[in-house]
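Here is the structure we will look at.
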Amino acid sequence: AVEHLRALRAAQQYWQLAARYAQALQRPWLLLTCGLMGTGKSALAEALLKRIGAIREPPLLLSSDVTRKRLAGISPTARAAAAYGEGLYSPERADATYADLLQQAERLLAQGRSVLIDASFQRARDRLQAKEVAERAGAQFCVLECWCPEEEVRRRLDARVAQGGAVSDGRWELLAQQRQAFEPLFDLPPHQHLRVDTTQAPERMAEEVATKLALV
């Protein structure tokens, strides 16, 4: 009788897992990266697209950095250095950028395509609006919160500035202000919020996320 119960329990777990994978494959996803500058959001996004793309059609990538500069009529790699919250990074520009990103996402989700938005999503209202977009489209939703130690953030930001040619305008001297303005992710249930340690190799990060969300 004990063996029978164990076998029954194992079968139930198998079918639950199979149902989860089937659901993940059938419904589109809206995935968001989230976190401070220099925490590896773009690296995770690129690695995740590559990992999913090895198995099936990957999500379409939308970038806040590219969108912000497109709306301003400048090249993606043009430097737009400004004080925190000013210039291209003013609240008004942020509103326009996120509105454009979510309009694009809603259109693509309506076509049955999964979408990954690479952005900081530091404002709770932007995360809530993204969640509402996913709900209207009947899509699955998850925020991928990227984090790493501050010394690693500084190393990455300094290296980015030294190398040049990056789409992001993030700089070390802006980090403290962004951290102060960042609104914690208390607004999301656990199944829609995944914290990712970005000190790992990009391939390992992507494998962790893809496995936990049953994306592959």
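Here, A, B, ... name the chains of the structure tokens in the order displayed, residue numbers run from 1 inside each chain, and ligands are numbered from 1 in the same displayed order.
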Close residues, stretch 47-61 of chain A itself excluded, 6 Å, only C-alpha atoms, min 2 positions apart in chain, as a ChimeraX atom specification: /A:44-45,114-117,202-203,206
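Residues in contact with stretch 122-128 of chain A at 8 Å, where only C-alpha atoms are counted and same-chain residues fewer than 5 positions away are skipped, are listed as Cys34, Gly35, Leu36, Tyr98, Ala181, Phe182, Glu183, Pro184, Leu185 and Asp187 of chain A.
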Please dump the current selection as an mmCIF file, in the first residue's frame; keep N, CA and C atoms.
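The resulting result.cif:
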```cif
data_model
loop_
_atom_site.group_PDB
_atom_site.id
_atom_site.type_symbol
_atom_site.label_atom_id
_atom_site.label_comp_id
_atom_site.auth_asym_id
_atom_site.auth_seq_id
_atom_site.Cartn_x
_atom_site.Cartn_y
_atom_site.Cartn_z
ATOM 1 N N CYS A 34 14.561 44.019 -14.356
ATOM 2 C CA CYS A 34 14.341 45.077 -13.375
ATOM 3 C C CYS A 34 15.587 45.181 -12.505
ATOM 4 N N GLY A 35 15.989 46.401 -12.183
ATOM 5 C CA GLY A 35 17.137 46.550 -11.300
ATOM 6 C C GLY A 35 17.898 47.834 -11.557
ATOM 7 N N LEU A 36 18.872 48.081 -10.710
ATOM 8 C CA LEU A 36 19.709 49.266 -10.827
ATOM 9 C C LEU A 36 20.619 49.168 -12.041
ATOM 10 N N TYR A 98 8.262 54.389 -21.335
ATOM 11 C CA TYR A 98 7.540 53.208 -20.863
ATOM 12 C C TYR A 98 6.190 53.055 -21.549
ATOM 13 N N ALA A 181 15.790 56.405 -5.476
ATOM 14 C CA ALA A 181 14.509 56.550 -6.176
ATOM 15 C C ALA A 181 13.837 55.209 -6.466
ATOM 16 N N PHE A 182 14.608 54.123 -6.377
ATOM 17 C CA PHE A 182 14.089 52.806 -6.755
ATOM 18 C C PHE A 182 12.990 52.353 -5.789
ATOM 19 N N GLU A 183 11.864 51.956 -6.338
ATOM 20 C CA GLU A 183 10.728 51.513 -5.526
ATOM 21 C C GLU A 183 10.756 49.988 -5.402
ATOM 22 N N PRO A 184 10.891 49.453 -4.180
ATOM 23 C CA PRO A 184 11.021 48.004 -3.975
ATOM 24 C C PRO A 184 9.857 47.221 -4.570
ATOM 25 N N LEU A 185 10.128 45.956 -4.838
ATOM 26 C CA LEU A 185 9.129 45.114 -5.502
ATOM 27 C C LEU A 185 8.198 44.437 -4.495
ATOM 28 N N ASP A 187 5.101 44.963 -4.657
ATOM 29 C CA ASP A 187 3.814 44.999 -5.350
ATOM 30 C C ASP A 187 3.513 43.730 -6.135
#
```
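In this model, the gap between atom CA of A:Ala139 and atom CA of A:Arg113 comes to 9.5 Å.
Taking atom CA of A:Leu88 and atom CA of A:Leu175 as endpoints, the distance between them is 16.4 Å.
Residues of stretch 122-187 of chain A that DSSP, applied to the backbone, places in strand (DSSP E): Gln140, Phe141, Cys142, Val143, Leu144, Glu145, Cys146 and Trp147 of chain A.
The closest residue to A:Thr97, picked from A:Leu71, A:Leu109, A:Met37, A:Ala82 and counting only C-alpha atoms, is A:Leu71.
One distance worth recording is that between atom CA of A:Cys146 and atom CA of A:Ala214, which is 18.9 Å.
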DSSP alpha helix (DSSP H) residues within stretch 13-204 of chain A, as a VMD selection string: chain A and resid 13 to 26 41 to 53 64 to 72 91 to 110 124 to 137 150 to 163 172 to 181 202 to 204
